[in-house]
>>> print(open('run_32.txt').read())   # compact mmCIF, C-alpha atoms
# COMPACT_ATOMS: atom_id res chain seq x y z
CA MET E 1 124.74 103.97 75.59
CA SER E 2 127.52 106.25 76.60
CA THR E 3 127.40 107.07 80.28
CA ASP E 4 129.02 110.50 80.04
CA LYS E 5 125.94 111.91 78.27
CA ARG E 6 123.89 111.52 81.43
CA PRO E 7 122.82 114.77 83.01
CA VAL E 8 124.75 115.62 86.12
CA ASN E 9 122.77 117.74 88.51
CA LEU E 10 123.83 117.47 92.07
CA ASN E 11 122.75 120.91 93.19
CA LEU E 12 120.02 119.82 95.57
CA PHE E 13 118.45 123.28 95.61
CA THR E 14 117.49 122.99 91.95
CA MET E 15 115.40 119.91 92.62
CA LYS E 16 111.83 119.75 93.73
CA PHE E 17 111.50 117.43 96.68
CA PRO E 18 108.46 115.28 97.35
CA VAL E 19 106.87 115.96 100.73
CA MET E 20 108.11 112.60 102.07
CA ALA E 21 111.72 113.65 101.46
CA ILE E 22 111.15 116.88 103.38
CA ALA E 23 109.46 114.96 106.21
CA SER E 24 112.46 112.62 106.33
CA ILE E 25 115.21 115.26 106.42
CA LEU E 26 113.28 117.28 109.02
CA HIS E 27 113.10 114.12 111.14
CA ARG E 28 116.90 113.94 111.07
CA ILE E 29 117.38 117.63 111.77
CA ALA E 30 114.91 117.44 114.66
CA GLY E 31 116.72 114.40 116.10
CA PHE E 32 120.02 116.28 115.92
CA ILE E 33 118.59 119.39 117.60
CA ILE E 34 117.09 117.40 120.50
CA PHE E 35 120.58 116.29 121.51
CA PHE E 36 121.24 119.87 122.67
CA LEU E 37 117.94 120.01 124.53
CA ILE E 38 119.02 117.25 126.96
CA PRO E 39 121.63 119.28 128.91
CA ILE E 40 119.27 122.28 128.97
CA CYS E 41 116.51 120.13 130.50
CA LEU E 42 118.94 118.64 133.03
CA TYR E 43 120.16 122.10 134.02
CA LEU E 44 116.59 123.36 134.42
CA LEU E 45 115.75 120.31 136.54
CA GLN E 46 118.83 120.74 138.71
CA HIS E 47 118.22 124.44 139.26
CA SER E 48 114.50 124.06 139.90
CA LEU E 49 115.09 121.32 142.50
CA SER E 50 118.05 123.04 144.19
CA SER E 51 116.06 125.52 146.28
CA ILE E 52 112.90 127.57 146.30
CA ILE E 53 114.93 130.50 144.96
CA GLY E 54 116.25 128.34 142.13
CA PHE E 55 112.71 127.22 141.38
CA SER E 56 111.40 130.77 141.10
CA GLU E 57 114.42 131.73 139.00
CA VAL E 58 113.57 128.99 136.49
CA GLN E 59 109.99 130.27 136.49
CA SER E 60 111.21 133.79 135.80
CA TRP E 61 113.30 132.56 132.84
CA PHE E 62 110.10 131.21 131.34
CA GLN E 63 108.71 134.76 131.50
CA CYS E 64 111.45 136.00 129.18
CA VAL E 65 110.35 136.25 125.54
CA TYR E 66 113.69 135.12 124.06
CA PHE E 67 113.80 132.13 126.38
CA LYS E 68 110.25 131.23 125.40
CA ILE E 69 111.11 131.43 121.70
CA ILE E 70 114.18 129.21 122.13
CA MET E 71 112.24 126.68 124.20
CA LEU E 72 109.37 126.67 121.72
CA GLY E 73 111.91 125.96 118.97
CA PHE E 74 113.34 123.02 120.89
CA LEU E 75 109.89 121.71 121.82
CA THR E 76 108.83 121.94 118.17
CA ALA E 77 111.80 119.77 117.20
CA LEU E 78 110.94 117.30 119.96
CA LEU E 79 107.27 117.11 119.00
CA TYR E 80 108.05 116.74 115.32
CA TYR E 81 110.59 114.03 116.09
CA LEU E 82 108.11 112.05 118.19
CA LEU E 83 105.29 112.37 115.62
CA ALA E 84 107.47 111.54 112.61
CA SER E 85 108.69 108.47 114.55
CA ILE E 86 105.08 107.31 114.91
CA ARG E 87 104.81 107.63 111.13
CA HIS E 88 107.80 105.31 110.80
CA PHE E 89 106.31 102.80 113.26
CA MET E 90 103.12 102.76 111.18
CA MET E 91 105.19 101.88 108.13
CA ASP E 92 106.99 99.18 110.17
CA PHE E 93 103.58 97.58 110.61
CA GLY E 94 102.81 97.95 106.92
CA PHE E 95 100.51 100.97 107.01
CA ALA E 96 100.84 103.96 104.68
CA GLU E 97 103.56 102.32 102.65
CA SER E 98 102.17 103.33 99.27
CA LEU E 99 103.16 106.55 97.50
CA LYS E 100 99.82 108.12 98.27
CA GLY E 101 99.82 106.81 101.85
CA GLY E 102 103.31 108.17 102.48
CA ARG E 103 102.37 111.55 101.10
CA ILE E 104 99.22 111.76 103.23
CA SER E 105 100.98 110.62 106.41
CA ALA E 106 103.73 113.21 105.84
CA TRP E 107 101.13 115.98 105.58
CA VAL E 108 99.26 114.64 108.63
CA THR E 109 102.55 114.71 110.60
CA PHE E 110 103.11 118.35 109.58
CA ALA E 111 99.54 119.30 110.45
CA LEU E 112 99.66 117.65 113.88
CA THR E 113 103.01 119.35 114.59
CA VAL E 114 101.56 122.77 113.73
CA ILE E 115 98.55 122.15 116.00
CA GLY E 116 100.89 120.98 118.77
CA VAL E 117 103.16 124.02 118.37
CA VAL E 118 100.17 126.37 118.63
CA LEU E 119 99.07 124.59 121.82
CA MET E 120 102.60 124.74 123.27
CA GLY E 121 102.83 128.43 122.37
CA TYR E 122 99.52 129.01 124.15
CA TRP E 123 100.87 127.12 127.17
CA LEU E 124 104.13 129.12 127.27
CA TRP E 125 102.48 132.53 126.79
CA MET F 1 129.49 89.71 106.99
CA VAL F 2 131.29 92.79 108.20
CA LYS F 3 130.08 93.93 111.58
CA SER F 4 129.72 97.63 112.15
CA VAL F 5 131.92 98.47 115.10
CA THR F 6 130.55 101.94 115.78
CA SER F 7 126.79 101.31 115.64
CA LEU F 8 125.20 100.80 119.04
CA THR F 9 125.04 97.00 118.97
CA GLY F 10 126.87 96.23 115.74
CA ASN F 11 123.63 94.69 114.50
CA GLY F 12 121.08 96.63 112.48
CA LEU F 13 118.05 94.66 113.60
CA ARG F 14 119.00 94.97 117.27
CA ASP F 15 119.56 98.73 116.86
CA TRP F 16 116.17 98.90 115.15
CA ILE F 17 114.30 97.23 118.02
CA ILE F 18 116.20 99.21 120.69
CA GLN F 19 115.34 102.45 118.89
CA ARG F 20 111.63 101.57 119.03
CA VAL F 21 111.51 100.30 122.61
CA THR F 22 113.45 103.30 123.94
CA TRP F 23 111.14 105.65 121.99
CA VAL F 24 108.19 104.23 123.94
CA ILE F 25 109.96 104.77 127.29
CA ILE F 26 110.84 108.37 126.41
CA ALA F 27 107.35 109.12 125.07
CA VAL F 28 105.64 107.70 128.18
CA TYR F 29 107.93 109.76 130.42
CA ILE F 30 107.25 112.99 128.51
CA VAL F 31 103.49 112.41 128.46
CA PHE F 32 103.54 111.70 132.20
CA LEU F 33 105.61 114.81 133.01
CA VAL F 34 103.45 117.10 130.86
CA SER F 35 100.25 115.64 132.38
CA PHE F 36 101.68 116.11 135.88
CA MET F 37 102.45 119.77 135.17
CA ALA F 38 99.00 120.29 133.68
CA VAL F 39 97.23 118.68 136.67
CA HIS F 40 99.34 120.57 139.24
CA ALA F 41 99.34 123.94 137.46
CA PRO F 42 100.47 126.38 138.72
CA LEU F 43 103.39 124.26 139.85
CA THR F 44 104.98 124.92 143.24
CA HIS F 45 108.47 124.09 144.47
CA ASP F 46 107.08 121.70 147.12
CA VAL F 47 105.05 119.62 144.67
CA TRP F 48 107.95 119.56 142.21
CA CYS F 49 110.48 118.37 144.82
CA GLN F 50 108.04 115.84 146.20
CA LEU F 51 107.62 114.37 142.71
CA PHE F 52 111.36 113.86 142.25
CA ARG F 53 111.77 112.45 145.79
CA ASN F 54 109.38 109.65 144.85
CA ASN F 55 111.36 106.50 144.15
CA PHE F 56 109.20 105.50 141.19
CA MET F 57 109.81 108.89 139.61
CA ARG F 58 113.55 108.57 140.26
CA LEU F 59 113.56 105.11 138.73
CA GLY F 60 111.55 106.36 135.74
CA THR F 61 113.85 109.34 135.26
CA VAL F 62 117.03 107.24 135.28
CA LEU F 63 115.39 104.66 133.01
CA THR F 64 114.41 107.44 130.60
CA LEU F 65 117.93 108.90 130.64
CA LEU F 66 119.32 105.45 129.80
CA ALA F 67 116.74 105.16 127.01
CA ILE F 68 117.84 108.59 125.75
CA LEU F 69 121.47 107.42 125.80
CA LEU F 70 120.70 104.43 123.57
CA HIS F 71 118.16 106.18 121.33
CA MET F 72 120.20 109.34 120.84
CA TYR F 73 123.33 107.38 120.03
CA ILE F 74 121.45 105.55 117.25
CA ILE F 75 120.18 108.88 115.87
CA MET F 76 123.62 110.47 115.88
CA TRP F 77 125.33 107.34 114.51
CA THR F 78 122.85 107.27 111.61
CA ILE F 79 123.45 110.94 110.82
CA PHE F 80 127.25 110.77 111.16
CA THR F 81 127.47 107.61 109.06
CA ASP F 82 125.74 109.43 106.20
CA TYR F 83 127.45 112.81 106.34
CA LEU F 84 130.87 112.46 107.93
CA LYS F 85 132.93 110.69 105.31
CA ASN F 86 136.29 111.03 107.02
CA THR F 87 136.70 108.05 109.36
CA LEU F 88 138.75 109.92 111.96
CA VAL F 89 136.29 112.82 112.09
CA ARG F 90 133.32 110.46 112.26
CA ILE F 91 134.69 108.30 115.06
CA THR F 92 135.76 111.38 117.02
CA ALA F 93 132.24 112.80 116.72
CA GLU F 94 130.71 109.48 117.77
CA VAL F 95 132.96 109.22 120.80
CA ILE F 96 132.15 112.79 121.86
CA VAL F 97 128.42 112.07 121.53
CA PHE F 98 128.68 108.82 123.48
CA ILE F 99 130.68 110.37 126.32
CA SER F 100 128.28 113.34 126.47
CA LEU F 101 125.26 111.03 126.66
CA LEU F 102 126.91 108.97 129.38
CA ALA F 103 127.66 112.19 131.27
CA PHE F 104 123.99 113.22 130.95
CA VAL F 105 122.91 109.97 132.64
CA ILE F 106 125.42 110.43 135.48
CA TRP F 107 124.43 114.09 135.84
CA GLY F 108 120.79 112.99 136.12
CA VAL F 109 121.67 110.53 138.90
CA MET F 110 123.62 113.28 140.67
CA ILE F 111 120.62 115.63 140.48
CA LEU F 112 118.22 113.02 141.83
CA TRP F 113 120.35 111.67 144.68
CA GLY F 114 122.80 114.53 145.13
CA THR F 115 122.58 117.66 147.18
>>> encode(input="run_32.txt", output="structure tokens")
Amino acid sequence: MSTDKRPVNLNLFTMKFPVMAIASILHRIAGFIIFFLIPICLYLLQHSLSSIIGFSEVQSWFQCVYFKIIMLGFLTALLYYLLASIRHFMMDFGFAESLKGGRISAWVTFALTVIGVVLMGYWLW
Amino acid sequence: MVKSVTSLTGNGLRDWIIQRVTWVIIAVYIVFLVSFMAVHAPLTHDVWCQLFRNNFMRLGTVLTLLAILLHMYIIMWTIFTDYLKNTLVRITAEVIVFISLLAFVIWGVMILWGT
């Protein structure tokens, strides 16, 4: 069989991804985003501990809508990262390793993240 | 066997176990901090400062920052290994990430014991 007859289609956007693939790439993206959350958290901690004025300033930032949206975005990434990691640990122990199991656990991870984001949004607002 | 020089420990299995153990440390810390805020809501400056003056909390915070250093480096190494094909670019990115993470740990110590 000649190899040059094989279809070449490397445009990823023309492919339909299984839910597990989406869960996997989101896990990576979330992990990458969290890196930038670390200095933000450290700065917030430093400022909130510095003085009572600093503390109330941090509190006032959390009243700002744009700040809330950014923080909710970061917290979503963090929550998704932590939950998708649990999914990996389950597979380390041999659970949900089948095609069907992987698909279900991916959807469960998404569902739990959505519930968590709604709760965090409620907490921030 | 060729050892990977840029991965955290140069050993996939060791990286794997470190990634899992550090995840637990970070998760416990986050759950504790969120629970503390929920129990003490609305949070005051006094309660907040008192928490971070506690030596166990300081120990836990530094431990968590060290766990973040190790865990985050594994995350970034995995991503860079897959997407940054140019060796010079990849190693530069890895060094920047490592130095940043180290700086985060030192910054955390400075916050806890500093001014």
>>> closest_atom_pairs(input="run_32.txt", of="chain F", to="chain E", cutoff="6 Å", atoms="all atoms listed in the file", output="JSON lines")
{"residue": "F:His45", "atom": "CA", "partner": "E:Ile52", "partner_atom": "CA", "distance": 5.9}
{"residue": "F:Cys49", "atom": "CA", "partner": "E:Leu49", "partner_atom": "CA", "distance": 5.9}
{"residue": "F:Ile111", "atom": "CA", "partner": "E:Gln46", "partner_atom": "CA", "distance": 5.7}
>>> axis_aligned_box(input="run_32.txt", around="stretch 53-71 of chain F", padding_each_side="3 Å", output="JSON")
{"center_x": 115.3, "center_y": 108.4, "center_z": 133.6, "size_x": 18.3, "size_y": 14.0, "size_z": 30.5}
>>> residues_around(input="run_32.txt", residues="F:Leu65", least_positions_apart="3", cutoff="9 Å", atoms="all atoms listed in the file", output="PyMOL selection string")
chain F and resi 26+60-62+68-70+101+104-105+108
>>> residues_near_point(input="run_32.txt", point="(118.6, 105.5, 115.3)", cutoff="9 Å", atoms="all atoms listed in the file", output="number ranges by chain")
F: 8, 15-16, 18-20, 70-79
>>> atom_distance(input="run_32.txt", atom1="atom CA of E:Arg87", atom2="atom CA of E:Gly102")
8.8 Å
>>> closest_residue(input="run_32.txt", among="E:Leu119, E:Met90, E:Leu12, E:Val58", to="F:Thr44", atoms="all atoms listed in the file")
E:Val58
>>> atom_distance(input="run_32.txt", atom1="atom CA of E:Trp61", atom2="atom CA of F:Leu43")
14.7 Å
>>> atom_distance(input="run_32.txt", atom1="atom CA of F:Arg90", atom2="atom CA of F:Ile106")
24.5 Å
>>> closest_residue(input="run_32.txt", among="F:Thr22, F:Leu66, F:Phe36, F:Leu84", to="F:Phe98", atoms="only C-alpha atoms")
F:Leu66
>>> residues_around(input="run_32.txt", residues="E:Val114", least_positions_apart="4", cutoff="12 Å", atoms="all atoms listed in the file", output="VMD selection string")
chain E and resid 72 75 to 77 79 to 80 83 107 to 110 118 to 121
